[in-house]
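Peer 1: File target08.txt follows (compact mmCIF, C-alpha atoms and all ligand atoms):
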```
# COMPACT_ATOMS: atom_id res chain seq x y z
CA MET A 1 8.85 0.24 -13.07
CA GLN A 2 12.18 -1.16 -14.23
CA LEU A 3 14.33 0.04 -11.31
CA LEU A 4 12.03 -1.73 -8.85
CA LYS A 5 11.87 -4.92 -10.92
CA ASP A 6 15.69 -5.00 -11.10
CA LYS A 7 15.87 -4.58 -7.34
CA ILE A 8 13.39 -7.45 -6.82
CA LYS A 9 15.40 -9.65 -9.20
CA THR A 10 18.74 -8.96 -7.55
CA GLU A 11 17.78 -8.63 -3.87
CA GLY A 12 14.35 -10.26 -3.44
CA ILE A 13 14.28 -13.62 -1.69
CA VAL A 14 11.46 -15.99 -2.57
CA LEU A 15 10.53 -17.61 0.73
CA SER A 16 7.74 -19.80 -0.63
CA ASN A 17 5.45 -19.76 -3.65
CA ASN A 18 3.48 -16.92 -2.10
CA VAL A 19 5.91 -14.86 0.00
CA LEU A 20 8.63 -12.55 -1.31
CA LYS A 21 11.13 -11.12 1.17
CA VAL A 22 12.36 -7.63 0.30
CA ASP A 23 13.77 -6.47 3.59
CA SER A 24 17.01 -5.10 2.05
CA PHE A 25 15.21 -2.21 0.33
CA LEU A 26 11.56 -1.97 1.45
CA ASN A 27 10.52 -3.76 4.63
CA HIS A 28 13.47 -3.24 6.98
CA GLN A 29 16.43 -1.47 5.38
CA MET A 30 15.05 1.10 2.93
CA ASP A 31 16.58 2.43 -0.28
CA PRO A 32 15.93 6.20 -0.32
CA VAL A 33 16.79 6.66 -4.00
CA LEU A 34 14.36 3.92 -4.97
CA MET A 35 11.72 5.42 -2.63
CA MET A 36 12.12 8.82 -4.29
CA GLU A 37 11.76 7.33 -7.78
CA MET A 38 8.68 5.38 -6.67
CA GLY A 39 7.18 8.56 -5.25
CA LYS A 40 7.70 10.30 -8.59
CA GLU A 41 6.14 7.39 -10.47
CA PHE A 42 3.04 7.32 -8.22
CA ALA A 43 2.69 11.09 -8.61
CA ARG A 44 2.98 10.78 -12.40
CA ARG A 45 0.34 8.04 -12.59
CA PHE A 46 -2.15 9.97 -10.44
CA GLN A 47 -1.31 13.52 -11.54
CA ASP A 48 -4.77 14.08 -13.08
CA LYS A 49 -6.65 13.05 -9.94
CA LYS A 50 -6.47 16.27 -7.89
CA ILE A 51 -5.10 14.36 -4.88
CA THR A 52 -5.31 16.29 -1.60
CA LYS A 53 -3.93 13.59 0.69
CA VAL A 54 -1.96 10.36 0.63
CA LEU A 55 -3.14 7.67 3.05
CA THR A 56 -1.08 4.62 3.99
CA ILE A 57 -0.67 2.20 6.89
CA GLU A 58 2.27 1.76 9.22
CA SER A 59 4.98 0.73 8.89
CA SER A 60 6.26 -0.16 5.42
CA GLY A 61 3.77 2.01 3.53
CA ILE A 62 5.14 5.16 5.12
CA ALA A 63 8.31 5.59 3.05
CA PRO A 64 6.77 5.21 -0.42
CA GLY A 65 3.68 7.09 0.76
CA LEU A 66 5.75 10.01 2.01
CA MET A 67 7.69 10.26 -1.25
CA ALA A 68 4.45 10.23 -3.26
CA ALA A 69 3.04 12.93 -0.97
CA LEU A 70 6.19 15.04 -1.39
CA GLU A 71 5.91 14.84 -5.18
CA LEU A 72 2.17 15.60 -5.10
CA ASN A 73 2.76 18.40 -2.60
CA VAL A 74 0.11 17.12 -0.17
CA PRO A 75 0.23 15.71 3.38
CA LEU A 76 0.73 12.04 4.17
CA VAL A 77 -1.47 10.40 6.80
CA PHE A 78 -0.57 6.94 8.02
CA ALA A 79 -3.14 4.75 9.70
CA ARG A 80 -2.06 3.17 12.95
CA LYS A 81 -2.42 -0.51 13.77
CA GLN A 82 -3.54 -1.18 17.30
CA LYS A 83 -5.02 -3.93 19.39
CA SER A 84 -8.74 -3.54 20.11
CA LEU A 85 -9.55 -0.09 21.36
CA THR A 86 -12.07 1.26 23.84
CA LEU A 87 -11.87 5.04 23.40
CA THR A 88 -12.58 5.72 19.74
CA ASP A 89 -14.63 8.95 19.75
CA ASN A 90 -12.17 11.01 17.75
CA LEU A 91 -11.04 8.17 15.46
CA PHE A 92 -12.12 6.40 12.30
CA VAL A 93 -11.68 2.68 13.08
CA GLU A 94 -11.76 -0.36 10.79
CA LYS A 95 -10.80 -3.96 11.46
CA VAL A 96 -8.17 -5.35 9.10
CA HIS A 97 -7.32 -9.03 9.03
CA SER A 98 -3.90 -10.12 7.80
CA PHE A 99 -3.97 -13.53 6.14
CA THR A 100 -0.18 -13.54 5.97
CA LYS A 101 0.29 -12.89 9.67
CA GLN A 102 -3.03 -14.31 10.94
CA VAL A 103 -3.82 -11.28 13.11
CA THR A 104 -6.67 -8.78 13.13
CA ASN A 105 -5.85 -5.18 14.00
CA ASP A 106 -7.96 -2.13 14.61
CA VAL A 107 -6.69 0.35 12.03
CA THR A 108 -7.24 3.96 13.05
CA VAL A 109 -7.02 7.48 11.65
CA SER A 110 -7.81 10.63 13.60
CA ARG A 111 -10.97 12.39 12.43
CA LYS A 112 -8.87 15.58 12.27
CA PHE A 113 -6.90 14.39 9.26
CA LEU A 114 -9.50 13.17 6.75
CA THR A 115 -12.54 15.13 5.58
CA ALA A 116 -15.31 14.92 2.98
CA GLU A 117 -13.35 17.36 0.78
CA ASP A 118 -10.37 15.03 0.46
CA HIS A 119 -9.36 13.18 -2.71
CA VAL A 120 -7.22 10.40 -1.32
CA LEU A 121 -4.46 8.33 -2.87
CA VAL A 122 -4.15 5.08 -0.90
CA ILE A 123 -0.61 3.66 -0.93
CA ASP A 124 0.70 0.35 0.39
CA ASP A 125 3.85 -1.72 0.05
CA PHE A 126 2.28 -5.11 -0.82
CA LEU A 127 -1.03 -6.09 -2.34
CA ALA A 128 -1.99 -9.68 -1.54
CA ASN A 129 -5.61 -10.16 -0.52
CA GLY A 130 -6.40 -6.48 -0.46
CA GLU A 131 -7.41 -6.41 3.19
CA ALA A 132 -5.25 -3.42 4.11
CA ALA A 133 -6.27 -1.42 1.00
CA PHE A 134 -9.98 -2.11 1.60
CA GLY A 135 -9.59 -1.13 5.25
CA LEU A 136 -8.06 2.20 4.23
CA ALA A 137 -10.79 2.72 1.60
CA ARG A 138 -13.48 2.08 4.24
CA ILE A 139 -11.85 4.68 6.47
CA CYS A 140 -12.06 7.17 3.57
CA GLU A 141 -15.74 6.26 3.15
CA GLN A 142 -16.36 6.90 6.85
CA ALA A 143 -14.84 10.36 6.38
CA GLY A 144 -16.94 10.97 3.26
CA ALA A 145 -13.67 11.38 1.32
CA THR A 146 -13.16 10.23 -2.27
CA VAL A 147 -10.73 7.39 -2.98
CA ALA A 148 -8.95 8.67 -6.08
CA GLY A 149 -6.93 5.49 -6.51
CA VAL A 150 -4.77 2.81 -4.95
CA GLY A 151 -0.99 2.79 -5.50
CA ILE A 152 0.93 -0.38 -4.69
CA VAL A 153 4.66 -1.01 -4.66
CA ILE A 154 4.58 -4.80 -5.18
CA GLU A 155 1.42 -6.54 -6.33
CA LYS A 156 1.19 -10.31 -6.12
CA SER A 157 -1.09 -10.67 -9.12
CA PHE A 158 -1.72 -14.35 -8.41
CA GLN A 159 -3.55 -13.38 -5.21
CA PRO A 160 -7.05 -11.86 -5.33
CA GLY A 161 -6.43 -8.31 -4.01
CA ARG A 162 -6.15 -6.52 -7.33
CA SER A 163 -9.24 -8.04 -8.93
CA LYS A 164 -11.31 -7.41 -5.80
CA LEU A 165 -10.28 -3.73 -5.74
CA VAL A 166 -10.90 -3.28 -9.48
CA GLU A 167 -14.28 -5.01 -9.15
CA ALA A 168 -15.14 -2.58 -6.34
CA GLY A 169 -14.43 0.28 -8.77
CA TYR A 170 -10.99 1.41 -7.61
CA ARG A 171 -8.18 2.36 -9.96
CA VAL A 172 -5.13 0.28 -9.00
CA GLU A 173 -1.60 1.20 -10.10
CA SER A 174 1.17 -1.20 -9.10
CA LEU A 175 4.84 -0.46 -9.72
CA ALA A 176 5.75 -4.15 -9.95
CA ARG A 177 3.30 -6.94 -10.71
CA ILE A 178 4.36 -10.46 -9.84
CA ALA A 179 2.69 -13.22 -11.83
CA SER A 180 4.29 -16.08 -9.93
CA LEU A 181 6.84 -16.98 -7.27
CA ASP A 182 7.03 -20.61 -8.33
CA ASN A 183 10.39 -22.46 -8.40
CA GLY A 184 12.05 -19.83 -6.23
CA GLN A 185 11.80 -17.20 -8.97
CA ALA A 186 9.81 -13.97 -9.26
CA GLN A 187 8.11 -13.80 -12.69
CA PHE A 188 6.56 -10.46 -13.63
CA VAL A 189 3.28 -9.82 -15.42
CA GLU A 190 4.14 -8.80 -18.99
P1 LIG B 201 -3.41 -7.74 2.22
O1 LIG B 201 -3.40 -6.50 3.05
O2 LIG B 201 -3.18 -7.43 0.76
O3 LIG B 201 -4.63 -8.58 2.43
O4 LIG B 201 -2.18 -8.63 2.64
P2 LIG B 201 -1.96 -9.60 3.89
O5 LIG B 201 -3.01 -9.34 4.91
O6 LIG B 201 -1.79 -10.95 3.36
O7 LIG B 201 -0.57 -8.98 4.37
C1 LIG B 201 -0.29 -8.67 5.69
C2 LIG B 201 1.08 -8.11 5.83
O8 LIG B 201 2.03 -8.89 5.10
C3 LIG B 201 1.27 -6.71 5.32
O9 LIG B 201 2.33 -6.12 6.03
C4 LIG B 201 1.73 -6.94 3.88
O10 LIG B 201 2.40 -5.83 3.38
C5 LIG B 201 2.64 -8.12 4.08
N1 LIG B 201 2.83 -9.00 2.93
C6 LIG B 201 1.90 -9.67 2.22
N2 LIG B 201 2.50 -10.44 1.30
C7 LIG B 201 3.83 -10.25 1.45
C8 LIG B 201 4.98 -10.78 0.78
O11 LIG B 201 4.93 -11.61 -0.14
N3 LIG B 201 6.19 -10.33 1.22
C9 LIG B 201 6.31 -9.44 2.24
N4 LIG B 201 7.55 -9.04 2.57
N5 LIG B 201 5.25 -8.92 2.89
C10 LIG B 201 4.03 -9.33 2.48
P3 LIG B 201 2.18 -5.53 7.48
O12 LIG B 201 1.75 -6.56 8.45
O13 LIG B 201 1.29 -4.34 7.37
O14 LIG B 201 3.68 -5.19 7.81
P4 LIG B 201 4.50 -3.84 7.81
O15 LIG B 201 3.90 -2.88 6.83
O16 LIG B 201 4.42 -3.33 9.21
O17 LIG B 201 5.86 -4.24 7.38
```
How does this structure look as structure tokens?

Peer 2:
Amino acid sequence: MQLLKDKIKTEGIVLSNNVLKVDSFLNHQMDPVLMMEMGKEFARRFQDKKITKVLTIESSGIAPGLMAALELNVPLVFARKQKSLTLTDNLFVEKVHSFTKQVTNDVTVSRKFLTAEDHVLVIDDFLANGEAAFGLARICEQAGATVAGVGIVIEKSFQPGRSKLVEAGYRVESLARIASLDNGQAQFVE
């Protein structure tokens, strides 16, 4: 998606050869026009999938997820990240480890909001190792729901997340695919 790539080129800050900072339009300040366009693009790419729900994870997945849900005319559910829980009767719970932040969270969704009839579009802001996306997919499995696809804003294609998801049988659509962050520069997959 050209608008997103332009934004990454002009405002993205390469912090190291594996971390891209995009807090001026995605992770802290958010660009609503860009979010709207991304929502339309996700909806276009998954229009044939009979999506009934968009599922993301707090916090940075919520804005693109909500815009995709608006375009698809379905609800958005965001999974919550919490420290280890004791009372989990009414929740789907999965552990998700973040390699970037070196923390493990219990990721939860109320049993009220996902059912076996759902066709779910999983959305997230970054795809690195795929931990968050797999955690959300496992929650869908617990609910008996179908994962119709995974939509990612920024994929770091040099990390293993995408190939692991594709190998597991998921359709992955990323709006920007970064081949490398070497030499302080974001290079996109052609
Ligand atoms: P994974 O889910 O693909 O395995 O990724 P990983 O555990 O490595 O990422 C953990 C967190 O770091 C996630 O945010 C993810 O979006 C973010 N992240 C990963 N790589 C980058 C990067 O290059 N740049 C930035 N800006 N973020 C990255 P989170 O902890 O869920 O944070 P938030 O959604 O609350 O902002």

Peer 1: What is the atom C2 of ligand LIG 201 (chain B) to atom CA of A:Val93 distance in Å?

Peer 2: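 Computing the Euclidean distance for atom C2 of ligand LIG 201 (chain B) and atom CA of A:Val93 yields 18.2 Å.
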
Peer 1: Env of stretch 127-133 of chain A: 9 Å cut, atoms = only C-alpha atoms, seq-sep filter 5 positions within chain, self excluded. Answer as a ChimeraX atom specification.

Peer 2: /A:56-57,96-100,107,122,138,150,152-162,164-165,174

Peer 1: Counting only C-alpha atoms, which of A:Gly61, A:Val172, A:Glu41, A:Lys112 gets nearest to A:Gln2?

Peer 2: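 Among A:Gly61, A:Val172, A:Glu41, A:Lys112, it is A:Glu41 that comes nearest to A:Gln2.
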
Peer 1: Calculated over all atoms listed in the file, which of the candidates A:Leu76, A:Ala68, A:Leu34, A:Leu136 has the smallest distance to ligand LIG 201 (chain B)?

Peer 2: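 Smallest separation from ligand LIG 201 (chain B) among the options: A:Leu136.
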
Peer 1: With all atoms listed in the file as the atoms that count, which of A:Leu114, A:Met1, A:Val19, A:Ala168 lies nearest to ligand LIG 201 (chain B)?

Peer 2: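 Of A:Leu114, A:Met1, A:Val19, A:Ala168, the one nearest ligand LIG 201 (chain B) is A:Val19, counting all atoms listed in the file.
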
Peer 1: If you measure from atom O11 of ligand LIG 201 (chain B) to atom CA of A:Ser60, what distance in Å do you get, rounded to one decimal?

Peer 2: 12.8 Å

Peer 1: Can you work out which one of A:Ile62, A:Met38, A:Cys140, A:Val33 has the shortest atom-to-atom distance to ligand LIG 201 (chain B), counting all atoms listed in the file?

Peer 2: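 Nearest to ligand LIG 201 (chain B): A:Ile62.
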
Peer 1: Please indicate the distance in Å from atom C6 of ligand LIG 201 (chain B) to atom CA of A:Phe126, rounded to one decimal place.

Peer 2: 5.5 Å

Peer 1: Measuring atom to atom with only C-alpha atoms, identify which of A:Lys95, A:Lys7, A:Arg171, A:Lys21 is nearest to A:Gly184.

Peer 2: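 Selected residue with least distance to A:Gly184: A:Lys21.
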
Peer 1: Restricting the calculation to only C-alpha atoms and all ligand atoms: of A:Asp89, A:Glu94, A:Glu117, A:Asp23, which residue gets closest to ligand LIG 201 (chain B)?

Peer 2: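 For ligand LIG 201 (chain B), the nearest of the candidates is A:Asp23.
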
Peer 1: Around stretch 15-32 of chain A, with edges along x, y and z and 8 Å added on all six sides, what centre and edge lengths do you get, in Å to one decimal, as lines of an AutoDock Vina configuration file?

Peer 2:
```
center_x = 10.2
center_y = -6.8
center_z = 1.7
size_x = 29.5
size_y = 42.0
size_z = 26.6
```

Peer 1: Please list, as a list in words, the residues that have an atom at most 7 Å away from (4.7, -11.1, -8.9) in the coordinates of this file, counting all atoms listed in the file.

Peer 2: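 Final list of nearby residues, as requested, is Glu155, Lys156, Ser157, Arg177, Ile178, Ala179, Ser180, Leu181, Ala186, Gln187, Phe188 and Val189 of chain A.
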
Peer 1: I need the residues from that last selection saved to file as a PDB file, in the frame of the given file (with C-alpha atoms), if you can.

Peer 2:
```
ATOM      1  CA  GLU A 155       1.420  -6.540  -6.330  1.00  0.00           C
ATOM      2  CA  LYS A 156       1.190 -10.310  -6.120  1.00  0.00           C
ATOM      3  CA  SER A 157      -1.090 -10.670  -9.120  1.00  0.00           C
ATOM      4  CA  ARG A 177       3.300  -6.940 -10.710  1.00  0.00           C
ATOM      5  CA  ILE A 178       4.360 -10.460  -9.840  1.00  0.00           C
ATOM      6  CA  ALA A 179       2.690 -13.220 -11.830  1.00  0.00           C
ATOM      7  CA  SER A 180       4.290 -16.080  -9.930  1.00  0.00           C
ATOM      8  CA  LEU A 181       6.840 -16.980  -7.270  1.00  0.00           C
ATOM      9  CA  ALA A 186       9.810 -13.970  -9.260  1.00  0.00           C
ATOM     10  CA  GLN A 187       8.110 -13.800 -12.690  1.00  0.00           C
ATOM     11  CA  PHE A 188       6.560 -10.460 -13.630  1.00  0.00           C
ATOM     12  CA  VAL A 189       3.280  -9.820 -15.420  1.00  0.00           C
TER      13      VAL A 189
END
```

Peer 1: Fewer than 4 positions away in the same chain doesn't count, so skip those; otherwise give me all residues within 12 Å of A:Ala148, counting all atoms listed in the file, as number ranges by chain.

Peer 2: A: 45-55, 117-123, 137, 140-141, 169-173
